[in-house]
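Notes follow once the structure below has been shown.
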Amino acid sequence: MLRLLTEDLLMRVLDKLSSNADRKSWRLVCKEFLRLELLTRRKVRILRIEFLLGLLRKYCNIEALDLSVCPRIDDGAVSVLLSHGSLNWTKGLRRLVLCRATGLGYRGLELLIRACPLLEAIDVSHCWGFGDREAAVLSYATRLTELKMDKCLGVTDVGLARIAVDCSNLKSLSLKWCFEISDLGIDLLCKKCLVLEMLDISYLKLTSESLKSIASLSKLELLVMVGCSFVDDVGLRFLEKGCPLLKAIDVSRCDFVSSSALTAIVGGHSSLVQIDAGYCLVELSLSLVECMKNLKNLTVVRIDGVQVSDLALQIIGTSCKSLLEIGLSKCVGVTDTGITQLVCGCGKLKILSLTCCRLITDVAISAIADSCPHLVCLKLESCNMVTEESFYDLGSRCLLLEELDLTECSGINDRALKYLSRCSKLLTLKLGLCTNISDVGLAYIGCNFPKLVELDLYRCACIGDDGLAALATGCKLLINLNVSYCNRITDGGMEYISYLGELYELEMRGLVNITSIGIRKVAVNCKRLADLDLKHCEKIGDPGFWAIAFYSHNLRQINISYCAVSDVVLCLLMGNLKRLQEVKLVNISEATVRGLELGLRASCGRIKKVKLQASLRFLLSSEILDILHLRGCKIRWD
Amino acid sequence: MSSPVEQITVVSSDGDEFKMTVAAAMQSEQLKQMLTDDSISIVKVPVENISTEILVKVIEYCQKHADHEAATKANGGGASDSEAEELNKWDAEFMKVDVEDKLFHILMAANYLEIKGLFDLACQTVADLIKGKTPKQIRKIFNLKNDFTPEEQERLSRQHNCSFD
């Protein structure tokens, strides 16, 4: 064994390997490499609770632990975890991700927090059952600098007060959707957490009084207040003289905020870097645009749904030369002239969204291609006057493109994909509802985009098995594929899909020609598949679902609504797939109520979300509904 | 007080001598220490574990980067985007070595002489070599033997897909 490099040097090389796939390959090289990986791994995301203890025993140097996709995390599990084996992993833990850990309660949370003295960042978003008791427990982590409590619906001002008083070092706090929080809570927060740099109060029922308090936060850099419908211009004007370090503000969907208040804020903060004002302004007033001229560092502007004028776009184009991202999604009045003048000056532009700007034609696209060679993301959903002509320019100039959204661009055809042959960095391509795309187009995709990770072919009815063959050969890194309602696909096409070894999400609704044979191939070969949507695939029978139950160990989400699954196989599916957490079981034709109950019982404790047809509400026993609710499962009735 | 030195000589493990300008030598923390320490008047520096082949490459890197720094200073401050891009391109070409062993030797040399830029570059290049490769291919690169039993390999493989990310 010739090894030139010392352990220290190997670890430095390993540090540069960030992708999980590469780290996994490294681990399999030899025992020494495995040992090094164990020592250097800083973060781990646990997929199955069975391995939790063992993994944490081995990975004792971790700084971040992610339990958000691990089923069955509840108070009992935490108690067992913390009473067995060495607890070296708790000593250095700084970040804890528990989002959607709906089975966890305040007892388990307390055990975790008390065990990890160095905790700096906690994410408990979407633990919708969390309330003030859990908030009180969170306040025991006094070194906390980052806290995400999105959608912790039970948290009130009382809980927030505990956190504010005990965690005065908080730098980043997100309270999105915590509807019970009021002005009083925010006021206390602003008096106690003086070093707050990031605050998210989106959708809260706060009034302008809260903004008065927030204005006093002298270190605040990012304020997100999407959908704060009780705040108006008066409130926003408090910010004009406050928060001197403000760099980014998001007032999207604030119904009562107008241009003049936003102008006042922009005027008072010349260091603003990012402005989000989608769906709140009626129009992009010239006074606001004039004010934006003074923002020398302005990098991101997103003003979705606003009425704009060519003149306004021209002024932005000439004055805001440092812009990297512009969002004009669903804006009214976006014309070719406006876009041409906008991009003329913004040569550094990387991200441009023109979703639903239906007046845009090839002229604008060619102008974008000419002026923005650094373009990385271009969104043109519903721009149906754009044709393949301008894609010739796009494909010659914008070679750094990574994301392209052409959903519902009915003018796009196969040749457009041919013209993009030099855009080899493309990662995401959305062609939903592009009915002119055929297998020829898919052949171009297979040839031109070897790095493609996400492909959306929703309702591209002309594609078939041959196109999928091309994809399987050329786009081996595909993780996310949508072929819903592409009815020419048969079992042969499914075989090609099964060659995509990295496939993680597969949406194939309404494929009426697929049978068990086809789906079995995918189940066996796509070992990483986690999200499968088979709604309305009515020809798939029990053998197909049996194969899924047996082979698709990684499945986290499945939609088998309107499929023909019998009771036995349904139980097998729900019981065998240990990672399954979200299921949609609307109108399963071959299953009985009893079968469904048994299935739900088999997966109890793991399942977090289930969708069932409304008629079952009165047919399922109240016992099963109670158990599900108790274990943190949400039921949606269709 | 030693008179200012314009050049220093480094001697490879094979005994060959090479001249380096002071500016180039300052790219290495080790050599910089020796040069700035007035109590040592060293003109010939032996570097025992670096062969001639590798030393030549290392000196080339140091000289190029020293020249770049001098040019930047002359222009009064920050390097322009195009100049930085050019340097990156040069670095990329520089790291194209024919044999992987050479790459490892450069890495070790950069570590020994504490040349931060070259060290990071070499680490990144080795990492890029590994990216996207199977374990078998990685073993070939490092010339390593697979010491897992088939059962252990199977267990690890399963773990990878099933237990954590």
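Please note that chains go A, B, ... in the order of the structure tokens, that every chain numbers its residues from 1, and that ligands are numbered from 1 in the order shown.
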Mind checking which residues fall within 6 Å of region 114-129 of chain A, counting only C-alpha atoms, ignoring those fewer than 4 positions away in the same chain, and posting them as a tab-separated table (two decimals) with N, CA, C and O atoms, in the first residue's frame?
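File part-v7.tsv, as written:
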chain	number	residue	atom	x	y	z
A	90	THR	N	-23.08	14.91	21.70
A	90	THR	CA	-23.81	16.07	22.21
A	90	THR	C	-22.87	17.20	22.59
A	90	THR	O	-23.27	18.36	22.65
A	91	LYS	N	-21.60	16.84	22.86
A	91	LYS	CA	-20.70	17.85	23.41
A	91	LYS	C	-20.42	18.98	22.44
A	91	LYS	O	-20.24	20.12	22.82
A	94	ARG	N	-23.83	22.01	17.54
A	94	ARG	CA	-24.20	23.42	17.52
A	94	ARG	C	-25.53	23.67	16.83
A	94	ARG	O	-26.22	24.64	17.11
A	95	ARG	N	-25.86	22.82	15.86
A	95	ARG	CA	-27.09	23.06	15.10
A	95	ARG	C	-28.00	21.84	15.20
A	95	ARG	O	-27.54	20.71	15.01
A	96	LEU	N	-29.24	22.08	15.45
A	96	LEU	CA	-30.20	21.00	15.58
A	96	LEU	C	-31.40	21.30	14.68
A	96	LEU	O	-32.04	22.34	14.82
A	97	VAL	N	-31.66	20.38	13.74
A	97	VAL	CA	-32.78	20.61	12.84
A	97	VAL	C	-33.87	19.61	13.17
A	97	VAL	O	-33.70	18.40	13.06
A	98	LEU	N	-35.00	20.14	13.61
A	98	LEU	CA	-36.10	19.27	14.02
A	98	LEU	C	-37.38	19.65	13.29
A	98	LEU	O	-38.48	19.46	13.81
A	99	CYS	N	-37.26	20.23	12.09
A	99	CYS	CA	-38.50	20.69	11.47
A	99	CYS	C	-39.38	19.50	11.13
A	99	CYS	O	-38.92	18.44	10.77
A	100	ARG	N	-40.67	19.69	11.29
A	100	ARG	CA	-41.68	18.66	11.05
A	100	ARG	C	-41.56	17.48	12.00
A	100	ARG	O	-42.14	16.42	11.73
A	101	ALA	N	-40.83	17.63	13.10
A	101	ALA	CA	-40.77	16.54	14.08
A	101	ALA	C	-42.01	16.63	14.95
A	101	ALA	O	-41.95	16.92	16.15
A	102	THR	N	-43.15	16.35	14.32
A	102	THR	CA	-44.42	16.62	14.99
A	102	THR	C	-44.70	15.67	16.14
A	102	THR	O	-45.59	15.89	16.93
A	110	GLU	N	-36.77	19.13	25.82
A	110	GLU	CA	-35.98	19.57	26.96
A	110	GLU	C	-34.77	18.67	27.15
A	110	GLU	O	-33.66	19.15	27.37
A	143	ARG	N	-27.35	29.96	24.62
A	143	ARG	CA	-26.35	30.44	23.65
A	143	ARG	C	-26.95	30.61	22.27
A	143	ARG	O	-26.27	30.92	21.31
A	144	LEU	N	-28.26	30.42	22.18
A	144	LEU	CA	-28.93	30.44	20.88
A	144	LEU	C	-28.71	31.75	20.12
A	144	LEU	O	-28.92	32.83	20.67
A	145	THR	N	-28.29	31.61	18.84
A	145	THR	CA	-28.21	32.81	18.00
A	145	THR	C	-29.20	32.73	16.84
A	145	THR	O	-29.56	33.74	16.26
A	146	GLU	N	-29.60	31.50	16.49
A	146	GLU	CA	-30.53	31.35	15.36
A	146	GLU	C	-31.70	30.49	15.78
A	146	GLU	O	-31.50	29.38	16.27
A	147	LEU	N	-32.90	30.95	15.56
A	147	LEU	CA	-34.07	30.16	15.94
A	147	LEU	C	-35.15	30.28	14.86
A	147	LEU	O	-35.52	31.38	14.47
A	148	LYS	N	-35.62	29.11	14.39
A	148	LYS	CA	-36.70	29.13	13.40
A	148	LYS	C	-37.91	28.47	14.03
A	148	LYS	O	-37.86	27.29	14.38
A	149	MET	N	-38.98	29.22	14.13
A	149	MET	CA	-40.19	28.66	14.74
A	149	MET	C	-41.38	28.82	13.81
A	149	MET	O	-42.50	28.97	14.26
A	150	ASP	N	-41.11	28.76	12.48
A	150	ASP	CA	-42.21	28.92	11.52
A	150	ASP	C	-43.31	27.93	11.83
A	150	ASP	O	-43.06	26.75	12.04
A	151	LYS	N	-44.53	28.38	11.83
A	151	LYS	CA	-45.71	27.54	11.98
A	151	LYS	C	-45.79	26.78	13.30
A	151	LYS	O	-46.44	25.75	13.37
A	152	CYS	N	-45.13	27.27	14.34
A	152	CYS	CA	-45.37	26.69	15.67
A	152	CYS	C	-46.61	27.39	16.17
A	152	CYS	O	-46.55	28.40	16.88
A	153	LEU	N	-47.77	26.82	15.81
A	153	LEU	CA	-49.03	27.55	15.93
A	153	LEU	C	-49.44	27.89	17.35
A	153	LEU	O	-50.23	28.80	17.56
Report task. Using only C-alpha atoms, determine which residues of chain B fall within 12 Å of chain A; present them as a PyMOL selection string. Result -> chain B and resi 49+100-112+119-150+152-165
What does the file look like for those residues with C-alpha atoms, as a PDB file, in the first residue's frame?
ATOM      1  CA  ASN B  49      12.013  16.050   0.905  1.00  0.00           C
ATOM      2  CA  GLU B 100      -1.180  11.672 -10.024  1.00  0.00           C
ATOM      3  CA  ASP B 101       1.849  10.977  -7.864  1.00  0.00           C
ATOM      4  CA  LYS B 102       3.308  14.270  -9.006  1.00  0.00           C
ATOM      5  CA  LEU B 103       0.174  15.991  -7.797  1.00  0.00           C
ATOM      6  CA  PHE B 104       0.518  14.438  -4.349  1.00  0.00           C
ATOM      7  CA  HIS B 105       4.161  15.471  -4.201  1.00  0.00           C
ATOM      8  CA  ILE B 106       3.242  19.041  -5.065  1.00  0.00           C
ATOM      9  CA  LEU B 107       0.639  18.955  -2.315  1.00  0.00           C
ATOM     10  CA  MET B 108       3.164  17.752   0.210  1.00  0.00           C
ATOM     11  CA  ALA B 109       5.745  20.277  -0.942  1.00  0.00           C
ATOM     12  CA  ALA B 110       3.231  23.099  -0.638  1.00  0.00           C
ATOM     13  CA  ASN B 111       2.404  21.872   2.849  1.00  0.00           C
ATOM     14  CA  TYR B 112       6.046  21.626   3.881  1.00  0.00           C
ATOM     15  CA  PHE B 119      -1.693  24.109  -1.025  1.00  0.00           C
ATOM     16  CA  ASP B 120      -5.351  25.049  -1.438  1.00  0.00           C
ATOM     17  CA  LEU B 121      -5.060  24.686  -5.190  1.00  0.00           C
ATOM     18  CA  ALA B 122      -3.511  21.244  -4.888  1.00  0.00           C
ATOM     19  CA  CYS B 123      -6.124  20.085  -2.341  1.00  0.00           C
ATOM     20  CA  GLN B 124      -8.888  21.275  -4.613  1.00  0.00           C
ATOM     21  CA  THR B 125      -7.322  19.555  -7.616  1.00  0.00           C
ATOM     22  CA  VAL B 126      -7.067  16.258  -5.758  1.00  0.00           C
ATOM     23  CA  ALA B 127     -10.660  16.659  -4.563  1.00  0.00           C
ATOM     24  CA  ASP B 128     -11.775  17.357  -8.141  1.00  0.00           C
ATOM     25  CA  LEU B 129     -10.036  14.145  -9.202  1.00  0.00           C
ATOM     26  CA  ILE B 130     -12.119  12.238  -6.693  1.00  0.00           C
ATOM     27  CA  LYS B 131     -15.448  13.879  -7.484  1.00  0.00           C
ATOM     28  CA  GLY B 132     -17.890  11.630  -9.253  1.00  0.00           C
ATOM     29  CA  LYS B 133     -15.629   8.576  -9.067  1.00  0.00           C
ATOM     30  CA  THR B 134     -16.490   5.156  -7.739  1.00  0.00           C
ATOM     31  CA  PRO B 135     -14.580   3.733  -4.739  1.00  0.00           C
ATOM     32  CA  LYS B 136     -12.682   1.432  -7.092  1.00  0.00           C
ATOM     33  CA  GLN B 137     -11.491   4.363  -9.174  1.00  0.00           C
ATOM     34  CA  ILE B 138     -10.498   6.319  -6.068  1.00  0.00           C
ATOM     35  CA  ARG B 139      -8.470   3.345  -4.864  1.00  0.00           C
ATOM     36  CA  LYS B 140      -6.622   3.383  -8.174  1.00  0.00           C
ATOM     37  CA  ILE B 141      -5.821   7.074  -7.824  1.00  0.00           C
ATOM     38  CA  PHE B 142      -4.337   6.657  -4.362  1.00  0.00           C
ATOM     39  CA  ASN B 143      -2.939   3.205  -5.038  1.00  0.00           C
ATOM     40  CA  LEU B 144      -4.799   1.660  -2.138  1.00  0.00           C
ATOM     41  CA  LYS B 145      -6.003  -1.847  -1.385  1.00  0.00           C
ATOM     42  CA  ASN B 146      -9.579  -2.631  -0.554  1.00  0.00           C
ATOM     43  CA  ASP B 147      -9.438  -4.031   2.961  1.00  0.00           C
ATOM     44  CA  PHE B 148     -13.171  -4.513   3.454  1.00  0.00           C
ATOM     45  CA  THR B 149     -14.649  -7.971   3.428  1.00  0.00           C
ATOM     46  CA  PRO B 150     -17.535  -8.465   1.001  1.00  0.00           C
ATOM     47  CA  GLU B 152     -18.623  -5.280   5.311  1.00  0.00           C
ATOM     48  CA  GLN B 153     -18.858  -3.684   1.901  1.00  0.00           C
ATOM     49  CA  GLU B 154     -22.445  -4.804   1.515  1.00  0.00           C
ATOM     50  CA  ARG B 155     -23.353  -3.475   4.948  1.00  0.00           C
ATOM     51  CA  LEU B 156     -21.738  -0.109   4.292  1.00  0.00           C
ATOM     52  CA  SER B 157     -23.439   0.179   0.907  1.00  0.00           C
ATOM     53  CA  ARG B 158     -26.803  -0.468   2.421  1.00  0.00           C
ATOM     54  CA  GLN B 159     -26.129   2.037   5.162  1.00  0.00           C
ATOM     55  CA  HIS B 160     -25.361   4.675   2.605  1.00  0.00           C
ATOM     56  CA  ASN B 161     -28.684   4.463   0.904  1.00  0.00           C
ATOM     57  CA  CYS B 162     -30.799   3.752   3.912  1.00  0.00           C
ATOM     58  CA  SER B 163     -29.559   5.226   7.102  1.00  0.00           C
ATOM     59  CA  PHE B 164     -28.223   8.710   6.667  1.00  0.00           C
ATOM     60  CA  ASP B 165     -27.184  11.483   4.357  1.00  0.00           C
TER      61      ASP B 165
END
Query raised in the report: Quick one: DSSP alpha helix (DSSP H) residues in region 1-143 of chain B, as a PyMOL selection string?
Result: chain B and resi 22-25+29-36+52-74+81-94+100-112+116-130+135-142
Restricting it to C-alpha atoms, dump the selection as a short mmCIF file (atom, residue, chain, number, x, y, z; two decimals), in the first residue's frame.
data_model
loop_
_atom_site.label_atom_id
_atom_site.label_comp_id
_atom_site.auth_asym_id
_atom_site.auth_seq_id
_atom_site.Cartn_x
_atom_site.Cartn_y
_atom_site.Cartn_z
CA VAL B 22 13.11 37.03 -2.87
CA ALA B 23 9.65 38.00 -3.97
CA ALA B 24 8.95 34.46 -5.12
CA ALA B 25 10.43 33.01 -1.94
CA GLU B 29 5.76 31.13 4.83
CA GLN B 30 8.71 28.93 5.75
CA LEU B 31 11.14 30.74 3.47
CA LYS B 32 9.62 34.07 4.43
CA GLN B 33 10.41 33.35 8.09
CA MET B 34 14.00 32.62 7.24
CA LEU B 35 14.37 35.72 5.11
CA THR B 36 12.82 38.17 7.51
CA THR B 52 14.10 18.40 -8.43
CA GLU B 53 11.08 17.73 -10.62
CA ILE B 54 8.66 19.01 -8.00
CA LEU B 55 10.84 21.89 -6.85
CA VAL B 56 10.92 23.26 -10.37
CA LYS B 57 7.12 23.32 -10.46
CA VAL B 58 6.87 24.91 -7.04
CA ILE B 59 9.30 27.67 -7.94
CA GLU B 60 7.39 28.30 -11.15
CA TYR B 61 4.18 28.77 -9.14
CA CYS B 62 5.81 31.09 -6.64
CA GLN B 63 7.37 33.22 -9.33
CA LYS B 64 4.13 33.61 -11.26
CA HIS B 65 2.18 34.58 -8.20
CA ALA B 66 4.87 36.96 -7.01
CA ASP B 67 4.85 38.64 -10.43
CA HIS B 68 1.08 38.92 -10.32
CA GLU B 69 1.19 40.52 -6.88
CA ALA B 70 3.82 43.02 -8.00
CA ALA B 71 1.77 43.94 -11.08
CA THR B 72 -1.31 44.43 -8.92
CA LYS B 73 0.55 46.71 -6.55
CA ALA B 74 1.87 48.72 -9.47
CA ASP B 81 -11.65 40.76 -12.84
CA SER B 82 -9.93 39.79 -16.07
CA GLU B 83 -6.51 39.64 -14.45
CA ALA B 84 -7.83 37.44 -11.67
CA GLU B 85 -9.50 35.21 -14.26
CA GLU B 86 -6.24 34.94 -16.19
CA LEU B 87 -4.39 33.90 -13.08
CA ASN B 88 -7.02 31.27 -12.37
CA LYS B 89 -6.65 29.94 -15.89
CA TRP B 90 -2.88 29.79 -15.45
CA ASP B 91 -3.36 27.94 -12.16
CA ALA B 92 -5.67 25.42 -13.83
CA GLU B 93 -3.15 24.75 -16.60
CA PHE B 94 -0.34 24.57 -14.07
CA GLU B 100 -1.18 11.67 -10.02
CA ASP B 101 1.85 10.98 -7.86
CA LYS B 102 3.31 14.27 -9.01
CA LEU B 103 0.17 15.99 -7.80
CA PHE B 104 0.52 14.44 -4.35
CA HIS B 105 4.16 15.47 -4.20
CA ILE B 106 3.24 19.04 -5.06
CA LEU B 107 0.64 18.96 -2.32
CA MET B 108 3.16 17.75 0.21
CA ALA B 109 5.74 20.28 -0.94
CA ALA B 110 3.23 23.10 -0.64
CA ASN B 111 2.40 21.87 2.85
CA TYR B 112 6.05 21.63 3.88
CA LYS B 116 -1.06 28.61 1.15
CA GLY B 117 -2.24 29.34 -2.39
CA LEU B 118 -0.55 26.30 -3.89
CA PHE B 119 -1.69 24.11 -1.02
CA ASP B 120 -5.35 25.05 -1.44
CA LEU B 121 -5.06 24.69 -5.19
CA ALA B 122 -3.51 21.24 -4.89
CA CYS B 123 -6.12 20.08 -2.34
CA GLN B 124 -8.89 21.28 -4.61
CA THR B 125 -7.32 19.56 -7.62
CA VAL B 126 -7.07 16.26 -5.76
CA ALA B 127 -10.66 16.66 -4.56
CA ASP B 128 -11.77 17.36 -8.14
CA LEU B 129 -10.04 14.14 -9.20
CA ILE B 130 -12.12 12.24 -6.69
CA PRO B 135 -14.58 3.73 -4.74
CA LYS B 136 -12.68 1.43 -7.09
CA GLN B 137 -11.49 4.36 -9.17
CA ILE B 138 -10.50 6.32 -6.07
CA ARG B 139 -8.47 3.35 -4.86
CA LYS B 140 -6.62 3.38 -8.17
CA ILE B 141 -5.82 7.07 -7.82
CA PHE B 142 -4.34 6.66 -4.36
#
Query raised in the report: Residues at most 8 Å from Ser270 (chain A), counting only C-alpha atoms, excluding those fewer than 3 positions away in the same chain, as a ChimeraX atom specification?
Result: /A:266-267,294-296
Can you write out the residues you just picked, keeping all heavy atoms, as a CSV table (one decimal), in the first residue's frame?
chain,number,residue,atom,x,y,z
A,266,VAL,N,-36.5,53.4,1.3
A,266,VAL,CA,-35.4,53.4,0.4
A,266,VAL,C,-34.6,54.6,0.5
A,266,VAL,O,-33.4,54.6,0.5
A,266,VAL,CB,-35.9,53.2,-1.1
A,266,VAL,CG1,-34.8,53.4,-2.1
A,266,VAL,CG2,-36.5,51.8,-1.2
A,267,GLY,N,-35.3,55.8,0.7
A,267,GLY,CA,-34.6,57.0,0.8
A,267,GLY,C,-33.7,57.1,2.0
A,267,GLY,O,-32.6,57.6,2.0
A,294,ASN,N,-30.2,55.9,-6.0
A,294,ASN,CA,-29.1,56.1,-5.0
A,294,ASN,C,-28.6,54.9,-4.4
A,294,ASN,O,-27.7,54.9,-3.6
A,294,ASN,CB,-29.6,57.1,-3.9
A,294,ASN,CG,-30.1,58.4,-4.5
A,294,ASN,OD1,-29.5,58.9,-5.5
A,294,ASN,ND2,-31.1,59.0,-3.9
A,295,LEU,N,-29.2,53.8,-4.6
A,295,LEU,CA,-28.8,52.5,-4.0
A,295,LEU,C,-27.6,51.9,-4.8
A,295,LEU,O,-27.8,51.2,-5.8
A,295,LEU,CB,-29.9,51.5,-3.9
A,295,LEU,CG,-31.1,52.1,-3.1
A,295,LEU,CD1,-32.3,51.1,-3.2
A,295,LEU,CD2,-30.8,52.3,-1.7
A,296,LYS,N,-26.4,52.2,-4.4
A,296,LYS,CA,-25.3,51.8,-5.2
A,296,LYS,C,-25.0,50.3,-5.1
A,296,LYS,O,-24.4,49.7,-5.9
A,296,LYS,CB,-24.0,52.5,-4.7
A,296,LYS,CG,-24.0,54.0,-5.1
A,296,LYS,CD,-24.0,54.2,-6.5
A,296,LYS,CE,-24.6,55.6,-6.9
A,296,LYS,NZ,-25.5,55.6,-8.0
**Report entry** Point-to-point distance in Å for CA of Ile368 (chain A) and CA of Arg415 (chain A)
**Finding:**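 A separation of 19.4 Å between them.
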Query raised in the report: So how far away is CA of Tyr279 (chain A) from CA of Ile303 (chain A), in Å?
Result: 7.2 Å
Report task. Going by DSSP on the backbone, which bits of region 231-437 of chain A are strand (DSSP E or B)? Write them as a list in words, please. Result ->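 Those in region 231-437 of chain A that DSSP calls strand (DSSP E or B) are Asp232, Ala248, Ile249, Asp250, Phe256, Gln274, Ile275, Asp276, Glu283, Val300, Val301, Arg302, Gln307, Glu325, Ile326, Gly327, Val332, Ile351, Leu352, Ser353, Cys377, Leu378, Lys379, Glu403, Leu404, Asp405, Thr428, Leu429 and Lys430 of chain A.
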Those selected residues, please, written with C-alpha atoms and delivered as a PDB file, in the first residue's frame.
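To be explicit, this is the file written out as selection-v7.pdb:
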ATOM      1  CA  ASP A 232     -49.853  50.184   6.720  1.00  0.00           C
ATOM      2  CA  ALA A 248     -32.848  43.775   2.851  1.00  0.00           C
ATOM      3  CA  ILE A 249     -36.568  44.219   3.241  1.00  0.00           C
ATOM      4  CA  ASP A 250     -39.464  42.054   2.104  1.00  0.00           C
ATOM      5  CA  PHE A 256     -51.886  48.329   2.824  1.00  0.00           C
ATOM      6  CA  GLN A 274     -32.362  43.639  -1.586  1.00  0.00           C
ATOM      7  CA  ILE A 275     -35.945  44.812  -2.058  1.00  0.00           C
ATOM      8  CA  ASP A 276     -38.930  42.469  -2.231  1.00  0.00           C
ATOM      9  CA  GLU A 283     -47.618  50.336  -9.561  1.00  0.00           C
ATOM     10  CA  VAL A 300     -31.897  42.088  -5.873  1.00  0.00           C
ATOM     11  CA  VAL A 301     -35.227  43.615  -6.816  1.00  0.00           C
ATOM     12  CA  ARG A 302     -38.387  41.501  -6.879  1.00  0.00           C
ATOM     13  CA  GLN A 307     -47.733  47.579 -12.894  1.00  0.00           C
ATOM     14  CA  GLU A 325     -31.459  39.538  -9.765  1.00  0.00           C
ATOM     15  CA  ILE A 326     -34.655  41.063 -11.103  1.00  0.00           C
ATOM     16  CA  GLY A 327     -38.106  39.592 -10.527  1.00  0.00           C
ATOM     17  CA  VAL A 332     -48.417  44.234 -15.963  1.00  0.00           C
ATOM     18  CA  ILE A 351     -31.343  35.867 -12.424  1.00  0.00           C
ATOM     19  CA  LEU A 352     -34.292  37.213 -14.390  1.00  0.00           C
ATOM     20  CA  SER A 353     -37.915  36.240 -13.889  1.00  0.00           C
ATOM     21  CA  CYS A 377     -31.476  31.614 -14.346  1.00  0.00           C
ATOM     22  CA  LEU A 378     -34.191  32.685 -16.786  1.00  0.00           C
ATOM     23  CA  LYS A 379     -37.882  32.199 -16.071  1.00  0.00           C
ATOM     24  CA  GLU A 403     -31.992  27.130 -14.793  1.00  0.00           C
ATOM     25  CA  LEU A 404     -34.526  27.634 -17.546  1.00  0.00           C
ATOM     26  CA  ASP A 405     -38.280  27.721 -16.982  1.00  0.00           C
ATOM     27  CA  THR A 428     -32.984  22.608 -14.246  1.00  0.00           C
ATOM     28  CA  LEU A 429     -35.259  22.610 -17.278  1.00  0.00           C
ATOM     29  CA  LYS A 430     -39.009  23.086 -17.102  1.00  0.00           C
TER      30      LYS A 430
END
Report task. Name all residues at most 12 Å from region 218-224 of chain A (count only C-alpha atoms; drop same-chain ones fewer than 5 positions away) and give them as a ChimeraX atom specification. Result -> /A:170-176,190-191,193-204,211,213,236,239,241-254,269,271-277
Report task. Within 9 Å of Ser615 (chain A), counting only C-alpha atoms, which residues show up once you throw out same-chain ones fewer than 3 positions away? Write them as a ChimeraX atom specification, please. Result -> /A:612,618-619,637-638
Just N, CA, C and O atoms for this one: save the residues we selected as a CSV table (one decimal), in the first residue's frame.
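Generated output (again.csv):
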chain,number,residue,atom,x,y,z
A,612,LEU,N,-57.1,11.6,2.4
A,612,LEU,CA,-58.2,10.6,2.2
A,612,LEU,C,-59.4,11.2,1.7
A,612,LEU,O,-59.6,12.4,1.9
A,618,PHE,N,-66.4,9.6,8.1
A,618,PHE,CA,-67.4,9.1,9.0
A,618,PHE,C,-67.4,7.5,9.0
A,618,PHE,O,-68.1,6.9,9.8
A,619,LEU,N,-66.6,7.0,8.2
A,619,LEU,CA,-66.5,5.5,8.1
A,619,LEU,C,-65.3,5.0,8.9
A,619,LEU,O,-65.4,3.9,9.4
A,637,TRP,N,-58.8,15.9,4.2
A,637,TRP,CA,-59.9,15.3,3.6
A,637,TRP,C,-60.2,15.9,2.2
A,637,TRP,O,-60.3,17.1,2.1
A,638,ASP,N,-60.2,15.1,1.2
A,638,ASP,CA,-60.4,15.6,-0.1
A,638,ASP,C,-61.9,15.7,-0.5
A,638,ASP,O,-62.6,14.7,-0.6
Query raised in the report: Hey, can you check how far CA of Asp304 (chain A) sits from CA of Cys344 (chain A)?
Result: 20.8 Å
Query raised in the report: Pick from A:Leu311, A:Met508, A:Val610, A:Leu534: nearest to Leu628 (chain A), with only C-alpha atoms counted?
Result: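 Among the listed residues, the smallest separation from Leu628 (chain A) belongs to A:Val610.
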Report task. Would you kindly return, as number ranges by chain, each protein, DNA or RNA residue with an atom no farther than 7 Å from any atom of His536 (chain A), considering only C-alpha atoms and excluding same-chain residues fewer than 5 positions away? Result -> A: 509-510, 561-563
Query raised in the report: Residues at most 8 Å from Leu39 (chain A), counting only C-alpha atoms, excluding those fewer than 3 positions away in the same chain, as a list in words?
Result: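 My reading of the contact set: Arg35, Leu36, Tyr59, Cys60 and Asn61 of chain A.
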Expected file: the selected residues, N, CA and C atoms, as a JSON list (two decimals), in the first residue's frame:
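Produced file result02.json, reproduced below:
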[["chain", "number", "residue", "atom", "x", "y", "z"],
["A", 35, "ARG", "N", -12.47, 5.68, 8.43],
["A", 35, "ARG", "CA", -12.17, 6.25, 9.75],
["A", 35, "ARG", "C", -12.01, 7.76, 9.66],
["A", 36, "LEU", "N", -11.32, 8.21, 8.62],
["A", 36, "LEU", "CA", -11.12, 9.66, 8.45],
["A", 36, "LEU", "C", -12.44, 10.37, 8.25],
["A", 59, "TYR", "N", -20.28, 8.93, 14.77],
["A", 59, "TYR", "CA", -19.99, 10.30, 14.35],
["A", 59, "TYR", "C", -20.01, 11.21, 15.55],
["A", 60, "CYS", "N", -18.93, 11.19, 16.32],
["A", 60, "CYS", "CA", -18.98, 11.95, 17.57],
["A", 60, "CYS", "C", -18.49, 13.37, 17.44],
["A", 61, "ASN", "N", -18.02, 13.74, 16.23],
["A", 61, "ASN", "CA", -17.53, 15.11, 16.08],
["A", 61, "ASN", "C", -18.50, 16.03, 15.38]]
